[in-house]
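One file, upload-v2.cif, is given below (mmCIF, C-alpha atoms (C1' of nucleotides)).
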data_start
loop_
_atom_site.label_atom_id
_atom_site.label_comp_id
_atom_site.auth_asym_id
_atom_site.auth_seq_id
_atom_site.Cartn_x
_atom_site.Cartn_y
_atom_site.Cartn_z
CA MET A 21 9.40 14.37 -27.28
CA LEU A 22 6.00 15.62 -28.38
CA ASP A 23 6.10 13.37 -31.41
CA GLN A 24 6.46 10.22 -29.36
CA ILE A 25 3.76 11.31 -26.97
CA TYR A 26 1.58 12.16 -29.91
CA ASP A 27 2.04 8.62 -31.19
CA LEU A 28 1.35 7.18 -27.77
CA LEU A 29 -1.90 9.09 -27.55
CA LYS A 30 -2.83 8.06 -31.05
CA GLN A 31 -2.59 4.43 -30.01
CA TYR A 32 -5.43 5.07 -27.63
CA ASP A 33 -7.46 7.30 -29.95
CA LEU A 34 -6.61 10.29 -27.84
CA ARG A 35 -5.95 13.72 -29.29
CA MET A 36 -3.21 16.23 -28.70
CA THR A 37 -4.66 19.56 -27.68
CA PRO A 38 -3.19 22.90 -26.68
CA GLN A 39 -4.23 22.20 -23.10
CA ARG A 40 -2.45 18.86 -23.06
CA LYS A 41 0.61 20.41 -24.64
CA ALA A 42 0.66 23.15 -22.03
CA ILE A 43 0.40 20.61 -19.22
CA LEU A 44 3.15 18.47 -20.70
CA GLU A 45 5.36 21.52 -20.92
CA ILE A 46 4.80 22.28 -17.28
CA LEU A 47 5.50 18.70 -16.28
CA TYR A 48 8.63 18.69 -18.36
CA ASN A 49 9.89 21.95 -16.93
CA CYS A 50 9.26 20.60 -13.47
CA ARG A 51 10.98 17.26 -13.89
CA GLY A 52 12.02 15.92 -10.52
CA HIS A 53 9.12 17.55 -8.71
CA HIS A 54 5.79 16.01 -7.96
CA LEU A 55 3.19 18.66 -8.72
CA GLU A 56 -0.24 18.86 -7.26
CA THR A 57 -3.12 19.24 -9.65
CA GLU A 58 -3.64 22.66 -8.18
CA ASN A 59 -0.01 23.63 -8.88
CA ILE A 60 -0.37 22.60 -12.47
CA TYR A 61 -3.59 24.54 -12.75
CA GLN A 62 -1.97 27.66 -11.41
CA LEU A 63 1.13 27.31 -13.53
CA LEU A 64 -1.16 27.20 -16.54
CA SER A 65 -2.02 30.83 -16.03
CA ILE A 66 1.41 32.35 -15.62
CA GLY A 67 2.93 31.91 -19.03
CA PRO A 68 3.88 34.69 -21.44
CA ASP A 69 0.23 35.15 -22.39
CA LYS A 70 -1.33 35.58 -19.04
CA LYS A 71 -4.58 33.85 -19.72
CA ARG A 72 -5.47 30.53 -18.15
CA LYS A 73 -4.77 27.72 -20.57
CA ALA A 74 -7.04 25.04 -19.13
CA GLY A 75 -9.82 24.66 -16.63
CA ILE A 76 -9.33 22.70 -13.44
CA ALA A 77 -11.59 19.91 -14.65
CA THR A 78 -9.44 19.53 -17.72
CA VAL A 79 -6.36 19.29 -15.56
CA TYR A 80 -7.93 16.52 -13.51
CA ARG A 81 -9.12 14.70 -16.60
CA THR A 82 -5.78 15.10 -18.28
CA MET A 83 -3.79 13.85 -15.33
CA GLU A 84 -6.04 10.86 -14.96
CA MET A 85 -5.56 10.05 -18.60
CA PHE A 86 -1.80 10.63 -18.50
CA GLU A 87 -1.53 8.29 -15.57
CA LYS A 88 -3.50 5.54 -17.24
CA VAL A 89 -1.39 5.87 -20.32
CA GLY A 90 1.79 5.75 -18.26
CA LEU A 91 2.96 9.29 -18.98
CA VAL A 92 3.03 10.35 -15.36
CA SER A 93 3.40 8.71 -12.02
CA ARG A 94 0.97 9.63 -9.32
CA LEU A 95 2.12 9.94 -5.77
CA SER A 96 -0.58 10.23 -3.19
CA MET A 97 0.72 11.40 0.10
CA GLU A 98 -1.85 10.63 2.71
CA ASP A 99 -4.02 13.56 3.69
CA SER A 100 -3.05 15.65 0.74
CA PRO A 101 -3.89 15.93 -2.91
CA SER A 102 -2.40 13.63 -5.50
CA ARG A 103 0.82 14.75 -7.08
CA TYR A 104 2.14 13.92 -10.49
CA GLU A 105 5.47 13.69 -12.20
CA LEU A 106 6.31 13.08 -15.80
CA VAL A 107 7.66 9.58 -16.31
CA LEU A 108 10.73 9.79 -18.47
CA PRO A 109 11.44 6.46 -20.15
CA GLN A 110 14.72 5.98 -18.36
CA GLU A 111 12.87 6.39 -15.11
CA ILE A 112 10.25 3.75 -15.65
CA ASN A 113 10.33 1.34 -12.75
CA HIS A 114 12.09 3.65 -10.42
CA HIS A 115 10.73 3.74 -6.93
CA HIS A 116 10.57 6.46 -4.36
CA LEU A 117 12.07 7.05 -0.97
CA ILE A 118 9.88 9.69 0.59
CA CYS A 119 11.07 11.61 3.61
CA LEU A 120 8.31 12.07 6.14
CA LYS A 121 10.06 15.07 7.59
CA CYS A 122 11.08 17.25 4.68
CA GLY A 123 9.13 15.63 1.86
CA ARG A 124 12.21 15.03 -0.24
CA VAL A 125 11.75 12.30 -2.81
CA GLN A 126 14.72 10.18 -3.84
CA GLU A 127 14.57 7.47 -6.43
CA LEU A 128 15.87 3.96 -6.23
CA ASP A 129 17.95 3.00 -9.18
CA ASP A 130 17.43 0.05 -11.47
CA VAL A 131 19.74 -2.33 -9.72
CA LEU A 132 17.99 -2.07 -6.37
CA THR A 133 14.61 -2.01 -8.02
CA GLU A 134 15.25 -5.17 -9.98
CA GLU A 135 16.69 -6.86 -6.96
CA PHE A 136 13.56 -6.06 -4.96
CA LYS A 137 11.25 -7.28 -7.65
CA LYS A 138 13.18 -10.50 -7.96
CA ILE A 139 13.17 -11.15 -4.22
CA ILE A 140 9.45 -10.51 -3.98
CA LEU A 141 8.64 -12.67 -6.97
CA GLU A 142 10.75 -15.54 -5.65
CA ASN A 143 9.38 -15.35 -2.14
CA LYS A 144 5.79 -14.37 -2.68
CA ASN A 145 5.02 -15.12 -6.28
CA PHE A 146 3.94 -11.50 -6.54
CA VAL A 147 4.61 -9.49 -9.67
CA VAL A 148 5.57 -5.94 -8.82
CA THR A 149 4.34 -3.44 -11.39
CA ALA A 150 5.86 -0.34 -12.83
CA LYS A 151 3.75 1.61 -10.36
CA PRO A 152 6.26 3.33 -8.16
CA ILE A 153 6.69 1.89 -4.71
CA LYS A 154 6.61 4.53 -2.04
CA ILE A 155 8.95 3.85 0.81
CA PHE A 156 8.51 6.19 3.73
CA GLY A 157 11.14 7.11 6.22
CA TYR A 158 13.71 9.74 7.00
CA CYS A 159 16.32 10.94 4.62
CA ASP A 160 19.95 11.44 5.33
CA GLY A 161 19.47 14.94 6.66
CA CYS A 162 16.39 14.27 8.70
CA SER A 163 17.08 10.84 10.07
CA GLN A 164 18.03 11.99 13.51
CA LYS A 165 14.97 14.12 13.89
CA CYS A 166 11.60 13.41 15.38
CA ASN A 167 8.67 11.78 13.63
CA SER A 168 5.02 12.61 13.26
CA ILE A 169 4.09 11.17 16.63
CA ASP A 170 6.27 13.75 18.29
CA ASP A 171 4.41 16.45 16.50
CA PHE A 172 1.23 15.03 17.92
CA LYS A 173 1.86 15.06 21.60
CA MET A 174 5.25 13.94 22.92
CA LYS A 175 7.93 11.29 22.65
CA ILE A 176 7.00 7.87 21.46
CA GLY A 177 6.57 4.95 23.75
CA SER A 178 8.61 1.95 22.68
CA GLY A 179 5.63 -0.21 21.81
CA PHE A 180 3.38 -2.33 23.94
CA ASN A 181 2.28 -5.93 24.25
CA VAL A 182 -1.17 -7.25 23.52
CA MET B 28 -4.73 -5.92 25.55
CA LEU B 29 -6.88 -3.02 26.68
CA ASP B 30 -4.59 -2.44 29.62
CA GLN B 31 -1.55 -1.88 27.48
CA ILE B 32 -3.46 0.35 25.14
CA TYR B 33 -4.81 2.23 28.09
CA ASP B 34 -1.24 2.79 29.26
CA LEU B 35 -0.19 3.86 25.80
CA LEU B 36 -2.96 6.43 25.67
CA LYS B 37 -2.13 7.62 29.15
CA GLN B 38 1.37 8.45 27.97
CA TYR B 39 -0.16 10.97 25.64
CA ASP B 40 -2.79 12.27 28.04
CA LEU B 41 -5.47 10.60 26.04
CA ARG B 42 -8.53 9.00 27.61
CA MET B 43 -10.13 5.64 27.11
CA THR B 44 -13.76 6.08 26.20
CA PRO B 45 -16.57 3.70 25.28
CA GLN B 46 -16.32 4.88 21.70
CA ARG B 47 -12.62 4.12 21.52
CA LYS B 48 -13.16 0.74 23.14
CA ALA B 49 -15.86 -0.09 20.63
CA ILE B 50 -13.62 0.89 17.74
CA LEU B 51 -10.73 -1.14 19.12
CA GLU B 52 -12.99 -4.13 19.44
CA ILE B 53 -14.03 -3.84 15.82
CA LEU B 54 -10.44 -3.46 14.69
CA TYR B 55 -9.45 -6.46 16.76
CA ASN B 56 -12.25 -8.61 15.42
CA CYS B 57 -11.28 -7.62 11.92
CA ARG B 58 -7.58 -8.29 12.21
CA GLY B 59 -6.14 -8.93 8.78
CA HIS B 60 -8.59 -6.63 7.05
CA HIS B 61 -8.12 -3.00 6.27
CA LEU B 62 -11.35 -1.27 7.15
CA GLU B 63 -12.58 1.98 5.71
CA THR B 64 -13.67 4.62 8.15
CA GLU B 65 -17.16 4.14 6.81
CA ASN B 66 -17.02 0.38 7.51
CA ILE B 67 -16.00 1.04 11.07
CA TYR B 68 -18.76 3.57 11.44
CA GLN B 69 -21.34 1.11 10.20
CA LEU B 70 -20.03 -1.76 12.29
CA LEU B 71 -20.46 0.48 15.32
CA SER B 72 -24.21 0.26 14.94
CA ILE B 73 -24.69 -3.46 14.56
CA GLY B 74 -23.67 -4.78 17.94
CA PRO B 75 -25.95 -6.48 20.48
CA ASP B 76 -27.39 -3.12 21.50
CA LYS B 77 -28.40 -1.75 18.17
CA LYS B 78 -27.66 1.87 18.81
CA ARG B 79 -24.81 3.67 17.10
CA LYS B 80 -21.83 3.81 19.39
CA ALA B 81 -19.98 6.75 17.86
CA GLY B 82 -20.51 9.52 15.36
CA ILE B 83 -18.63 9.61 12.11
CA ALA B 84 -16.56 12.57 13.24
CA THR B 85 -15.46 10.62 16.27
CA VAL B 86 -14.43 7.73 14.09
CA TYR B 87 -12.31 10.03 11.96
CA ARG B 88 -10.78 11.70 14.97
CA THR B 89 -10.14 8.38 16.65
CA MET B 90 -8.49 6.81 13.65
CA GLU B 91 -6.29 9.83 13.19
CA MET B 92 -5.24 9.60 16.80
CA PHE B 93 -4.72 5.84 16.69
CA GLU B 94 -2.52 6.24 13.67
CA LYS B 95 -0.40 8.92 15.26
CA VAL B 96 0.03 6.81 18.34
CA GLY B 97 0.96 3.79 16.25
CA LEU B 98 -2.06 1.66 17.08
CA VAL B 99 -3.20 1.28 13.50
CA SER B 100 -1.65 1.37 10.09
CA ARG B 101 -3.32 3.42 7.45
CA LEU B 102 -3.42 2.25 3.90
CA SER B 103 -4.54 4.78 1.37
CA MET B 104 -5.37 3.26 -1.94
CA GLU B 105 -5.45 6.01 -4.49
CA ASP B 106 -8.91 7.24 -5.36
CA SER B 107 -10.54 5.61 -2.40
CA PRO B 108 -10.98 6.30 1.27
CA SER B 109 -8.27 5.53 3.79
CA ARG B 110 -8.36 2.12 5.38
CA TYR B 111 -7.05 1.10 8.75
CA GLU B 112 -5.83 -2.04 10.43
CA LEU B 113 -4.86 -2.65 14.01
CA VAL B 114 -1.11 -2.96 14.38
CA LEU B 115 -0.36 -5.95 16.53
CA PRO B 116 3.09 -5.73 18.08
CA GLN B 117 4.37 -8.77 16.26
CA GLU B 118 3.33 -7.14 13.03
CA ILE B 119 5.18 -3.89 13.46
CA ASN B 120 7.38 -3.37 10.45
CA HIS B 121 5.47 -5.66 8.20
CA HIS B 122 4.89 -4.33 4.75
CA HIS B 123 2.18 -4.90 2.23
CA LEU B 124 1.94 -6.43 -1.19
CA ILE B 125 -1.25 -5.05 -2.65
CA CYS B 126 -2.85 -6.66 -5.65
CA LEU B 127 -4.12 -4.09 -8.11
CA LYS B 128 -6.57 -6.57 -9.56
CA CYS B 129 -8.28 -8.21 -6.62
CA GLY B 130 -7.21 -5.95 -3.77
CA ARG B 131 -5.69 -8.80 -1.77
CA VAL B 132 -3.13 -7.64 0.76
CA GLN B 133 -0.24 -9.91 1.70
CA GLU B 134 2.39 -9.06 4.22
CA LEU B 135 6.11 -9.34 3.89
CA ASP B 136 7.71 -11.16 6.75
CA ASP B 137 10.44 -9.87 8.99
CA VAL B 138 13.32 -11.39 7.13
CA LEU B 139 12.48 -9.71 3.84
CA THR B 140 11.55 -6.52 5.57
CA GLU B 141 14.81 -6.29 7.42
CA GLU B 142 16.74 -7.14 4.33
CA PHE B 143 15.05 -4.32 2.44
CA LYS B 144 15.64 -1.81 5.17
CA LYS B 145 19.28 -2.78 5.35
CA ILE B 146 19.79 -2.51 1.62
CA ILE B 147 18.14 0.90 1.50
CA LEU B 148 20.07 2.21 4.45
CA GLU B 149 23.37 1.02 3.02
CA ASN B 150 22.70 2.35 -0.44
CA LYS B 151 20.80 5.50 0.24
CA ASN B 152 21.41 6.39 3.85
CA PHE B 153 17.65 6.43 4.21
CA VAL B 154 15.97 5.15 7.35
CA VAL B 155 12.81 3.27 6.56
CA THR B 156 10.16 3.71 9.21
CA ALA B 157 7.66 1.33 10.68
CA LYS B 158 5.14 2.88 8.33
CA PRO B 159 4.12 0.04 6.09
CA ILE B 160 5.50 0.09 2.58
CA LYS B 161 2.88 -0.52 -0.03
CA ILE B 162 4.09 -2.51 -2.97
CA PHE B 163 1.65 -2.68 -5.82
CA GLY B 164 1.41 -5.40 -8.38
CA TYR B 165 -0.40 -8.58 -9.18
CA CYS B 166 -0.77 -11.49 -6.81
CA ASP B 167 -0.25 -15.10 -7.63
CA GLY B 168 -3.80 -15.61 -8.86
CA CYS B 169 -4.07 -12.40 -10.83
CA SER B 170 -0.62 -12.06 -12.30
CA GLN B 171 -1.56 -13.20 -15.75
CA LYS B 172 -4.45 -10.81 -15.98
CA CYS B 173 -4.75 -7.35 -17.45
CA ASN B 174 -3.84 -4.12 -15.72
CA SER B 175 -5.57 -0.80 -15.30
CA ILE B 176 -4.45 0.54 -18.65
CA ASP B 177 -6.34 -2.25 -20.34
CA ASP B 178 -9.44 -1.22 -18.52
CA PHE B 179 -8.97 2.25 -19.89
CA LYS B 180 -8.78 1.75 -23.61
CA MET B 181 -6.72 -1.09 -25.00
CA LYS B 182 -3.42 -2.88 -24.82
CA ILE B 183 -0.37 -1.03 -23.59
CA GLY B 184 2.22 0.34 -25.89
CA SER B 185 5.72 -0.75 -24.98
CA GLY B 186 6.93 2.68 -23.93
CA PHE B 187 8.31 5.55 -25.94
CA ASN B 188 11.43 7.65 -26.19
CA VAL B 189 11.72 11.28 -25.30
"C1'" DC C 28 -17.70 16.25 -40.53
"C1'" DT C 29 -17.04 13.34 -36.57
"C1'" DC C 30 -16.06 12.41 -32.22
"C1'" DG C 31 -13.02 13.47 -28.58
"C1'" DG C 32 -12.01 17.50 -25.61
"C1'" DT C 33 -13.14 21.62 -23.06
"C1'" DG C 34 -15.14 24.91 -19.70
"C1'" DC C 35 -18.25 25.88 -16.39
"C1'" DA C 36 -20.85 25.11 -12.65
"C1'" DA C 37 -23.10 21.82 -10.02
"C1'" DA C 38 -22.68 17.66 -7.52
"C1'" DG C 39 -20.11 14.00 -5.05
"C1'" DA C 40 -17.20 11.99 -1.84
"C1'" DT C 41 -14.32 12.18 1.92
"C1'" DT C 42 -12.64 14.48 5.75
"C1'" DT C 43 -12.31 18.35 9.08
"C1'" DT C 44 -14.02 21.76 12.26
"C1'" DG C 45 -16.80 24.83 15.58
"C1'" DC C 46 -19.28 24.61 19.42
"C1'" DA C 47 -22.22 23.35 23.02
"C1'" DT C 48 -22.60 19.20 25.83
"C1'" DT C 49 -20.90 15.04 28.17
"C1'" DA C 50 -17.85 12.13 30.62
"C1'" DT C 51 -13.09 10.50 32.04
"C1'" DT C 52 -9.67 11.06 35.24
"C1'" DA D 13 -13.47 20.24 38.90
"C1'" DA D 14 -10.65 20.37 35.01
"C1'" DT D 15 -10.12 19.24 30.57
"C1'" DA D 16 -10.43 15.76 26.98
"C1'" DA D 17 -13.92 13.69 24.02
"C1'" DT D 18 -18.26 13.59 21.74
"C1'" DG D 19 -22.15 14.56 18.48
"C1'" DC D 20 -24.10 17.22 15.23
"C1'" DA D 21 -24.22 19.87 11.39
"C1'" DA D 22 -21.86 23.03 8.70
"C1'" DA D 23 -17.87 23.71 6.03
"C1'" DA D 24 -13.73 22.61 3.70
"C1'" DT D 25 -11.17 19.98 0.41
"C1'" DC D 26 -10.39 17.37 -3.44
"C1'" DT D 27 -12.32 15.32 -7.39
"C1'" DT D 28 -15.86 14.01 -10.75
"C1'" DT D 29 -19.66 14.80 -13.87
"C1'" DG D 30 -23.43 16.72 -17.09
"C1'" DC D 31 -23.97 19.29 -20.82
"C1'" DA D 32 -23.58 22.55 -24.46
"C1'" DC D 33 -20.04 24.13 -27.33
"C1'" DC D 34 -15.44 23.73 -29.65
"C1'" DG D 35 -11.83 22.01 -32.43
"C1'" DA D 36 -8.31 18.19 -33.84
"C1'" DG D 37 -7.91 14.81 -37.19
#
Produce structure tokens that represent the structure in this file.
Amino acid sequence: MLDQIYDLLKQYDLRMTPQRKAILEILYNCRGHHLETENIYQLLSIGPDKKRKAGIATVYRTMEMFEKVGLVSRLSMEDSPSRYELVLPQEINHHHLICLKCGRVQELDDVLTEEFKKIILENKNFVVTAKPIKIFGYCDGCSQKCNSIDDFKMKIGSGFNV
Amino acid sequence: MLDQIYDLLKQYDLRMTPQRKAILEILYNCRGHHLETENIYQLLSIGPDKKRKAGIATVYRTMEMFEKVGLVSRLSMEDSPSRYELVLPQEINHHHLICLKCGRVQELDDVLTEEFKKIILENKNFVVTAKPIKIFGYCDGCSQKCNSIDDFKMKIGSGFNV
DNA sequence: CTCGGTGCAAAGATTTTGCATTATT
DNA sequence: AATAATGCAAAATCTTTGCACCGAG
């Protein structure tokens, strides 16, 4: 894997460094999770050799670069820090179902994804990018439960008319 | 309209204040735009009576509350402040196509929206909420143009294998 | 050897919070 | 009168940046 990433970076005149390697390793080991920058930063200090392997600024800079280059997908949940996940090639163009209750992230598979893109292109002349679409709602397990409004004060009113 | 909103707030033991009225008025006058908190704050000072009608903290608190109550939809573009738009009842459940190039926001109509929700529920057992889905890509006018990677360094590589 | 990368600490930007005061109900 | 809301300024949070030094190619 490193070889291909190395080549990818080379295309952009970017260098492979120990810090970048360490971050990639973390991302790879955490496939399927969306890590906050802070998580990554902390994980950088708990390897075999207990010394921190990159500064927080480097983590930010690296994640920004990785995103631009397409190596990771960024997920920004409102009101919280950005989170990143390594984009494995077979996952390019997958989109996310994000549970508002438990935070679980499921991915839409290619068939649905392509279908969506086609429908939107046909109807709106809008080209959907590889940037993951975030679809919020309630997952299987949580779908009977309350939503964020409940947490605020009480049960939701059923709308109103202007 | 104020009456229904007043009732809605009453359900949650929330009060109608001059500040909230002023903010609602701005949101109403700017239907179709997603305003940043800062925009709203500034607009609050340029009415007929030139004095500021609410502090920035009040704007933040008000928008948070309006969102929880379902009065506005929040759109958070990555790397920039949250933006809000009044949710008119007939627009509940509309979703957004957001152009990465020019920032234009189009809405998906009910038919597409319902179709999407149905497909996702059938396939994934996932209940999509009223929370607007943000679909990123390139609008009609911009779809031939470059994307953010181009802005970064140069043309995109066509992917890589792990 | 060159130029991109790093670490640190300072600065920025956005948002939240504590608290005394004000105003809605 | 009770309690929610406000304004202000301070603080918190997340992220970016300047700069001197380091190290990959």
Would you translate the PyMOL selection byres ((chain A) within 9 of (chain D)) into the concrete set of residues it matches in this file, as a ChimeraX atom specification?
/A:35-37,77,80-81,100-101
Taking the file above as input, evaluate the PyMOL selection byres ((chain A and resi 145) around 10) and report the hits as a PyMOL selection string.
(chain A and resi 138-144+146-148) or (chain B and resi 165-168+170)
Go ahead and write the selection's residues with C-alpha atoms as a compact mmCIF listing (two decimals), keeping the file's coordinate frame.
# COMPACT_ATOMS: atom_id res chain seq x y z
CA LYS A 138 13.18 -10.50 -7.96
CA ILE A 139 13.17 -11.15 -4.22
CA ILE A 140 9.45 -10.51 -3.98
CA LEU A 141 8.64 -12.67 -6.97
CA GLU A 142 10.75 -15.54 -5.65
CA ASN A 143 9.38 -15.35 -2.14
CA LYS A 144 5.79 -14.37 -2.68
CA PHE A 146 3.94 -11.50 -6.54
CA VAL A 147 4.61 -9.49 -9.67
CA VAL A 148 5.57 -5.94 -8.82
CA TYR B 165 -0.40 -8.58 -9.18
CA CYS B 166 -0.77 -11.49 -6.81
CA ASP B 167 -0.25 -15.10 -7.63
CA GLY B 168 -3.80 -15.61 -8.86
CA SER B 170 -0.62 -12.06 -12.30
So what does the PyMOL selection byres ((chain A and resi 105) around 9) actually pick up in this one, as a PyMOL selection string?
chain A and resi 47-48+50-55+91-95+103-104+106-107
Which of B:Ile32, B:Met90, B:Leu71, B:Ile53 sits closest to chain A [using all atoms listed in the file]:
B:Ile32
Compile the contact shell of B:Glu63 as a PDB file with C-alpha atoms, in the frame of the given file: residues with an atom at most 6 Å away, counting all atoms listed in the file, same-chain residues fewer than 2 positions apart removed.
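Wrote around_3.pdb, looks like this:
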ATOM      1  CA  GLU B  65     -17.160   4.140   6.810  1.00  0.00           C
ATOM      2  CA  ASN B  66     -17.020   0.380   7.510  1.00  0.00           C
ATOM      3  CA  SER B 109      -8.270   5.530   3.790  1.00  0.00           C
ATOM      4  CA  ARG B 110      -8.360   2.120   5.380  1.00  0.00           C
TER       5      ARG B 110
END
Do me a favour and pick out the residues of chain A within 9 Å of chain C, using all atoms listed in the file, as a PDB file with C-alpha atoms, in the frame of the given file.
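Dumped to iface01.pdb:
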ATOM      1  CA  ASP A  33      -7.460   7.300 -29.950  1.00  0.00           C
ATOM      2  CA  LEU A  34      -6.610  10.290 -27.840  1.00  0.00           C
ATOM      3  CA  ARG A  35      -5.950  13.720 -29.290  1.00  0.00           C
ATOM      4  CA  THR A  37      -4.660  19.560 -27.680  1.00  0.00           C
ATOM      5  CA  GLN A  39      -4.230  22.200 -23.100  1.00  0.00           C
ATOM      6  CA  ALA A  74      -7.040  25.040 -19.130  1.00  0.00           C
ATOM      7  CA  GLY A  75      -9.820  24.660 -16.630  1.00  0.00           C
ATOM      8  CA  ILE A  76      -9.330  22.700 -13.440  1.00  0.00           C
ATOM      9  CA  ALA A  77     -11.590  19.910 -14.650  1.00  0.00           C
ATOM     10  CA  THR A  78      -9.440  19.530 -17.720  1.00  0.00           C
ATOM     11  CA  ASP A  99      -4.020  13.560   3.690  1.00  0.00           C
TER      12      ASP A  99
END
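Relative to atom CA of A:Leu22, atom CA of A:Lys71 is found at 22.8 Å.
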Would you place a box with edges along x, y and z of the file around all atoms of stretch 61-75 of chain B listed there, add 3 Å to each of its six sides, and report the centre and edge lengths in Å to one decimal, as JSON?
{"center_x": -17.0, "center_y": -0.9, "center_z": 13.1, "size_x": 23.8, "size_y": 17.1, "size_z": 20.8}
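Interatomic distance, atom CA of B:Phe143 against atom CA of B:Gly97: 21.3 Å.
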Smallest atom-to-atom distance to chain B: which of A:Val125, A:Val79, A:Ile155, A:Leu63, using all atoms listed in the file?
A:Ile155
What's the separation between atom CA of B:Glu91 and atom CA of B:Thr140, in Å to one decimal place?
25.4 Å
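Proximity to chain B was assessed for A:Ser65, A:Thr57, A:Asn49, A:Gln31 counting all atoms listed in the file; the smallest distance is recorded for A:Gln31.
Between chain B and the candidates A:Lys30, A:Lys88, A:Lys41, A:Lys73, the tightest atom-to-atom separation, counting all atoms listed in the file, involves A:Lys88.
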